[in-house]
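> I'd like to ask you about the structure that follows.
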Amino acid sequence: MALLTKDSLERVIELLINEGLVDKADVDRVRQEVAQSKRPLLETLMAQKILSNEMLAHATAVVMGVPYVNLKNVEMDQDVLTLLPLEVAERSMVAPLGESNGQLVVAMLDVGNIQAVDYLSTFTGKMVRAVMASSEGIQSVLKQYRGDFTGVAQAVKVTNQEVAQAKANSNVKTITQDSPISKALTSILEFAVKSKASDVHIEPLEDSLIIRCRIDGVLRRVMELPKAIEPALVSRIKILANLKIDEHRIPQDGQFAVMVGDKEVDLRIAISPVVWGEQVVIRLLDKSGTSMDIASMGMTGRALKTVLSGISKPNGMILTSGPTGSGKSTTLYALIKQIKSEKINIVTLEDPVEYKMAGVNQIQVNVDAGLTFASGLRSILRQDPDVVMVGEIRDGETANLAVQASLTGHLVFSTLHTNSAAGILPRLLDMGIEPFLLASTLNTVIGQRLVRRVSEKRTSFQSSEMQAQEINSVVGDLLPQTQDDVARVSEDLGYPGLPVKGNAYTLVKGIDDQDTPGGYSGRAGLYEAIDVDEDIQKLIISHATASEVMRAAREKGTVTMRQDGMLKALSGITTMEEVNRVASDLA
């Protein structure tokens, strides 16, 4: 904020009182307090929330006779943000607002800071016009950078120049390692990491190149680039991933790691030829972004009790299922962390090793060298393991070896791609596992999905008649039937304060802004866990279908993923729309 003289401060306070924005009695009371405590008047007014940052900035601008802009909850165009690099904007605590008549318009805390204005003018080569904004408003704009796209803008400019030169000279220059293309790729990856994206999609169209990021499980378009930048950008990715840059006819897979700030992020690269060029999908594995605590990930109540019971046994298999990107591997890591001890030898076989854990012997699959899940598992069993984790059971050979490992006294963790927990059983039978072996080795099967969490900025509302009917049809039998049942049922299901079954329920939705798009922030798991007891074992031996197994499990108290989702919606963790988006195909 601009440095206010005592006289200017009094004029600001007088203006706020005259406009009815602050109460004179409150100001007089604070004046008496600061006279004794010797604390600054302005600081005390703000600490007691009598005065806000925005009110102070606006009033100061009026007193100083300078323009003011309220930037809170304003969504900025990415093209405007490229007018100033993020590091410059943060250092000077300014926000670019655009260009007008050849001048760069910026928002500042202190428009009277001549040195800062001169620095920005020298840096940009433009005249700078400053307007006043609050610190909260400027921070709101700075958060929208998430990635500094000046590198992308520079790459586009240089590539366009090269294309023009090629048309004139029929000779396109090779992009060097320190070229703007490298900076462009860095900018895109920085944006993805800061946005907590799980994937980056680089998709060629006929006349352009689209960049999309999967954030909280939903793809969002980030930018559109000229078609001319595609060959150099894809080649740069291939070089970093040690792929063949002259191969454009077949898919290629690779990986490399980057440092973003103080984070090391592993990247898995998948490149495929498509109609208009080559599509690149980059999976980001941020090792520092997950708590690895099974309860904080969303597993609670009956599912948590079932899983903890399963992993407490000395041998057997614990299998988790779900579609790609549903958090299966993260669940296995959380379970490994739960049982990790110096007294046991834990060996994992992964493709790739997503999170490095101290005290766990992790092996990276290398198909080119002959180290597959099956061959690696044979080797692991000769290393005196107590616990074995196989990243994924993809074929009958690996499945048979996992079963044999559990029969010989090992606790085995692994994942499969099926739609539900019960679907694991017929899938393994299809892989050629004998039913009696499967029945005697399975401890617990888990199904899971991921839903977006409602942000802390939220509002509550009463459910519609249709929503109440859907809730009652899915979880009506689980909810407390009377007020006296609330405590017992809530503890049993793991969701405090569940409502009594009725005709209307209180639900929540998040506030949509640039920090929480769609009103969501982060993700939570929906889980179902089946304890393979004697009755379920009989069903496996009789080749029962997944629906028959699930029906028997529900009769024994298993909460399905869809039911877990509805309970999370009633508890304010997510929304019914999210549950229906990811689990509408489930019973």
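Chain labels run A, B, ... following the order of the structure tokens; each chain numbers its residues from 1, and ligands are numbered from 1 in the order shown.
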Among range 208-348 of chain A, which residues does DSSP mark as alpha helix (DSSP H) when it is run on the backbone? Keep the chain and numbering as in the structure and answer as a PyMOL selection string.

chain A and resi 230-240+301-311+328-339

> Name the residues in contact with Gln462 in chain A at a cut-off of 7 Å, using only C-alpha atoms, excluding same-chain residues fewer than 2 positions from it; report them as a list in words.

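Within the cut-off, the hits are Ser464, Ala504, Tyr505, Thr506 and Leu507 of chain A.
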
> Output N, CA, C and O atoms of each residue in that selection to a file, as a PDB file, in the first residue's frame.


ATOM      1  N   SER A 464     -33.406 -30.816  -4.153  1.00  0.00           N
ATOM      2  CA  SER A 464     -34.695 -30.843  -4.839  1.00  0.00           C
ATOM      3  C   SER A 464     -35.390 -32.172  -4.535  1.00  0.00           C
ATOM      4  O   SER A 464     -34.781 -33.096  -3.981  1.00  0.00           O
ATOM      5  N   ALA A 504     -35.858 -34.237   2.292  1.00  0.00           N
ATOM      6  CA  ALA A 504     -34.964 -33.167   1.828  1.00  0.00           C
ATOM      7  C   ALA A 504     -33.658 -33.246   2.613  1.00  0.00           C
ATOM      8  O   ALA A 504     -33.643 -33.658   3.779  1.00  0.00           O
ATOM      9  N   TYR A 505     -32.567 -32.853   1.943  1.00  0.00           N
ATOM     10  CA  TYR A 505     -31.251 -32.913   2.562  1.00  0.00           C
ATOM     11  C   TYR A 505     -30.477 -31.634   2.257  1.00  0.00           C
ATOM     12  O   TYR A 505     -30.690 -30.989   1.222  1.00  0.00           O
ATOM     13  N   THR A 506     -29.558 -31.282   3.162  1.00  0.00           N
ATOM     14  CA  THR A 506     -28.691 -30.124   2.940  1.00  0.00           C
ATOM     15  C   THR A 506     -27.458 -30.570   2.175  1.00  0.00           C
ATOM     16  O   THR A 506     -26.730 -31.458   2.618  1.00  0.00           O
ATOM     17  N   LEU A 507     -27.236 -29.959   1.020  1.00  0.00           N
ATOM     18  CA  LEU A 507     -26.078 -30.266   0.180  1.00  0.00           C
ATOM     19  C   LEU A 507     -25.230 -29.015   0.028  1.00  0.00           C
ATOM     20  O   LEU A 507     -25.651 -27.914   0.400  1.00  0.00           O
TER      21      LEU A 507
END

> Could you work out how far CA of Glu577 in chain A lies from CA of Gly522 in chain A, giving the answer in Å with one decimal?

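Atom-to-atom, CA of Gly522 in chain A and CA of Glu577 in chain A are spaced 15.7 Å apart.
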
> Counting only C-alpha atoms, which of A:Asn345, A:Thr306, A:Ser8, A:Gln48 gets nearest to Asp26 in chain A?

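Of A:Asn345, A:Thr306, A:Ser8, A:Gln48, the one nearest Asp26 in chain A, counting only C-alpha atoms, is A:Gln48.
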
> May I have the residues within 9 Å of Leu84 in chain A as a short mmCIF file (atom, residue, chain, number, x, y, z; two decimals) with N, CA and C atoms, in the first residue's frame, using only C-alpha atoms and disregarding those fewer than 5 positions away in the same chain?


data_model
loop_
_atom_site.label_atom_id
_atom_site.label_comp_id
_atom_site.auth_asym_id
_atom_site.auth_seq_id
_atom_site.Cartn_x
_atom_site.Cartn_y
_atom_site.Cartn_z
N ALA A 89 6.71 -9.54 -12.13
CA ALA A 89 5.47 -9.10 -11.49
C ALA A 89 5.52 -9.35 -9.98
N ALA A 95 0.59 -6.06 -11.24
CA ALA A 95 -0.19 -6.96 -12.09
C ALA A 95 -0.44 -6.27 -13.43
N PRO A 96 -0.10 -6.91 -14.55
CA PRO A 96 -0.37 -6.31 -15.86
C PRO A 96 -1.87 -6.31 -16.15
N LEU A 120 10.00 -0.95 -14.63
CA LEU A 120 9.09 -1.64 -15.54
C LEU A 120 9.16 -1.05 -16.94
N THR A 124 10.32 -3.31 -20.14
CA THR A 124 9.39 -3.60 -21.23
C THR A 124 9.63 -2.74 -22.47
N THR A 150 5.56 -16.60 -21.05
CA THR A 150 6.38 -15.74 -21.91
C THR A 150 7.27 -16.60 -22.80
#

> Which residues are near range 488-493 of chain A? Cut-off 10 Å, only C-alpha atoms, ignore same chain within fewer than 2 positions. Put them as a list in words.

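So the residues in contact are Thr300, Gly301, Arg302, Ala303, Leu304, Lys305, Leu478, Leu479, Pro480, Gln481, Asp484, Asp485, Val486, Tyr495, Pro496, Gly497, Leu498, Pro499, Val500, Val559, Asp564 and Leu567 of chain A.
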
> Write out as a VMD selection string the residues lying within 8 Å of Val532 in chain A, counting only C-alpha atoms and excluding same-chain residues fewer than 5 positions away.

chain A and resid 439 442 to 445 537

> Write down as a PyMOL selection string the residues belonging to range 247-305 of chain A that are assigned strand (DSSP E or B) by DSSP computed on the backbone.

chain A and resi 252-260+263-274+277-286

> Filtering to N, CA, C and O atoms, could you give me those residues as a compact mmCIF listing (two decimals), in the first residue's frame?


# COMPACT_ATOMS: atom_id res chain seq x y z
N GLN A 252 5.34 -44.23 -29.68
CA GLN A 252 6.57 -44.36 -28.89
C GLN A 252 6.27 -43.98 -27.44
O GLN A 252 5.47 -43.08 -27.19
N ASP A 253 6.93 -44.66 -26.52
CA ASP A 253 6.78 -44.37 -25.09
C ASP A 253 8.15 -44.08 -24.50
O ASP A 253 9.14 -44.70 -24.87
N GLY A 254 8.19 -43.15 -23.55
CA GLY A 254 9.44 -42.83 -22.87
C GLY A 254 9.18 -42.12 -21.57
O GLY A 254 8.02 -41.96 -21.15
N GLN A 255 10.23 -41.67 -20.94
CA GLN A 255 10.08 -40.93 -19.69
C GLN A 255 11.32 -40.10 -19.41
O GLN A 255 12.40 -40.38 -19.91
N PHE A 256 11.13 -39.03 -18.63
CA PHE A 256 12.25 -38.24 -18.12
C PHE A 256 11.75 -37.47 -16.91
O PHE A 256 10.55 -37.49 -16.60
N ALA A 257 12.65 -36.84 -16.19
CA ALA A 257 12.31 -36.10 -14.97
C ALA A 257 12.69 -34.64 -15.15
O ALA A 257 13.64 -34.31 -15.86
N VAL A 258 11.94 -33.76 -14.51
CA VAL A 258 12.25 -32.33 -14.53
C VAL A 258 12.16 -31.78 -13.11
O VAL A 258 11.49 -32.35 -12.25
N MET A 259 12.86 -30.69 -12.89
CA MET A 259 12.77 -29.97 -11.62
C MET A 259 11.93 -28.73 -11.85
O MET A 259 12.22 -27.92 -12.73
N VAL A 260 10.86 -28.58 -11.10
CA VAL A 260 10.00 -27.40 -11.15
C VAL A 260 10.04 -26.77 -9.76
O VAL A 260 9.47 -27.31 -8.81
N LYS A 263 10.63 -29.03 -6.66
CA LYS A 263 9.99 -30.32 -6.81
C LYS A 263 10.62 -31.11 -7.95
O LYS A 263 10.88 -30.56 -9.02
N GLU A 264 10.86 -32.40 -7.72
CA GLU A 264 11.24 -33.28 -8.82
C GLU A 264 10.00 -33.99 -9.31
O GLU A 264 9.28 -34.62 -8.55
N VAL A 265 9.72 -33.87 -10.61
CA VAL A 265 8.52 -34.44 -11.19
C VAL A 265 8.92 -35.42 -12.28
O VAL A 265 9.65 -35.06 -13.21
N ASP A 266 8.47 -36.67 -12.16
CA ASP A 266 8.72 -37.66 -13.21
C ASP A 266 7.63 -37.54 -14.27
O ASP A 266 6.44 -37.37 -13.95
N LEU A 267 8.04 -37.65 -15.52
CA LEU A 267 7.11 -37.52 -16.64
C LEU A 267 7.11 -38.82 -17.45
O LEU A 267 8.18 -39.33 -17.79
N ARG A 268 5.93 -39.34 -17.74
CA ARG A 268 5.80 -40.47 -18.65
C ARG A 268 5.26 -39.94 -19.97
O ARG A 268 4.24 -39.26 -20.00
N ILE A 269 5.92 -40.28 -21.07
CA ILE A 269 5.59 -39.73 -22.37
C ILE A 269 4.98 -40.81 -23.26
O ILE A 269 5.52 -41.92 -23.36
N ALA A 270 3.86 -40.50 -23.90
CA ALA A 270 3.25 -41.39 -24.90
C ALA A 270 2.97 -40.56 -26.15
O ALA A 270 2.21 -39.58 -26.09
N ILE A 271 3.61 -40.95 -27.25
CA ILE A 271 3.46 -40.22 -28.52
C ILE A 271 2.81 -41.15 -29.54
O ILE A 271 3.26 -42.28 -29.72
N SER A 272 1.75 -40.66 -30.19
CA SER A 272 1.04 -41.48 -31.17
C SER A 272 0.80 -40.68 -32.44
O SER A 272 0.47 -39.48 -32.37
N PRO A 273 0.94 -41.31 -33.60
CA PRO A 273 0.60 -40.62 -34.85
C PRO A 273 -0.92 -40.48 -34.98
O PRO A 273 -1.66 -41.45 -34.76
N VAL A 274 -1.38 -39.28 -35.30
CA VAL A 274 -2.80 -39.04 -35.54
C VAL A 274 -2.94 -38.38 -36.91
O VAL A 274 -1.95 -38.13 -37.61
N GLY A 277 -0.88 -35.06 -37.38
CA GLY A 277 0.48 -34.96 -36.85
C GLY A 277 0.74 -36.01 -35.79
O GLY A 277 0.37 -37.18 -35.95
N GLU A 278 1.34 -35.61 -34.68
CA GLU A 278 1.62 -36.53 -33.57
C GLU A 278 1.06 -35.97 -32.27
O GLU A 278 1.35 -34.84 -31.90
N GLN A 279 0.25 -36.79 -31.61
CA GLN A 279 -0.31 -36.41 -30.32
C GLN A 279 0.65 -36.84 -29.22
O GLN A 279 1.19 -37.95 -29.25
N VAL A 280 0.86 -35.95 -28.24
CA VAL A 280 1.73 -36.25 -27.10
C VAL A 280 0.90 -36.18 -25.82
O VAL A 280 0.20 -35.18 -25.59
N VAL A 281 0.97 -37.22 -25.02
CA VAL A 281 0.32 -37.21 -23.70
C VAL A 281 1.41 -37.39 -22.65
O VAL A 281 2.18 -38.35 -22.70
N ILE A 282 1.49 -36.44 -21.73
CA ILE A 282 2.51 -36.46 -20.69
C ILE A 282 1.83 -36.70 -19.34
O ILE A 282 0.99 -35.91 -18.91
N ARG A 283 2.18 -37.80 -18.67
CA ARG A 283 1.65 -38.09 -17.34
C ARG A 283 2.65 -37.55 -16.31
O ARG A 283 3.84 -37.87 -16.38
N LEU A 284 2.17 -36.72 -15.40
CA LEU A 284 3.03 -36.12 -14.38
C LEU A 284 2.91 -36.89 -13.08
O LEU A 284 1.79 -37.12 -12.60
N LEU A 285 4.02 -37.28 -12.53
CA LEU A 285 4.05 -37.99 -11.25
C LEU A 285 4.78 -37.12 -10.25
O LEU A 285 6.01 -37.15 -10.15
N ASP A 286 4.00 -36.30 -9.53
CA ASP A 286 4.57 -35.39 -8.53
C ASP A 286 4.73 -36.14 -7.22
O ASP A 286 3.75 -36.51 -6.57

> In Å, with one decimal, what is the gap from CA of Ile318 in chain A to CA of Phe413 in chain A?

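Taking CA of Ile318 in chain A and CA of Phe413 in chain A, their separation equals 5.0 Å.
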
> At a cut-off of 8 Å, using only C-alpha atoms, what residues contact Gly298 in chain A? Leave out same-chain residues fewer than 4 positions from it and give the result as JSON, numbers by chain.

{"A": [294, 524, 525, 526, 527]}

> May I have the selected residues written with C-alpha atoms, as a tab-separated table (two decimals), in the first residue's frame?


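And here is the file that came out, again24.tsv:
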chain	number	residue	atom	x	y	z
A	294	ILE	CA	-5.38	-43.99	3.51
A	524	ALA	CA	-11.14	-37.77	-2.77
A	525	GLY	CA	-11.64	-41.49	-3.34
A	526	LEU	CA	-14.87	-43.46	-3.51
A	527	TYR	CA	-14.22	-46.96	-2.20

> List the neighbours of range 72-76 of chain A out to 8 Å using only C-alpha atoms; skip same-chain residues closer than 5 positions along the sequence, and give me the result as a VMD selection string.

chain A and resid 81 136 to 138 140 to 141 144 513 to 514

> For CA of Leu109 in chain A and CA of Arg91 in chain A, quote the distance in Å rounded to one decimal.

12.3 Å

> Restricting the calculation to only C-alpha atoms: of A:Asp386, A:Glu230, A:Asp118, A:Asp77, which residue gets closest to Leu411 in chain A?

A:Asp386

> Out of A:Val193, A:Ile50, A:Val403, A:Leu56, which residue has the shortest atom-to-atom distance to Glu10 in chain A when counting only C-alpha atoms?

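The answer is A:Leu56, which sits nearest to Glu10 in chain A.
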
> Counting only C-alpha atoms, which residue out of A:Pro385, A:Gly65, A:Pro180, A:Gly423 sits closest to Val360 in chain A?

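The closest residue to Val360 in chain A is A:Pro385.
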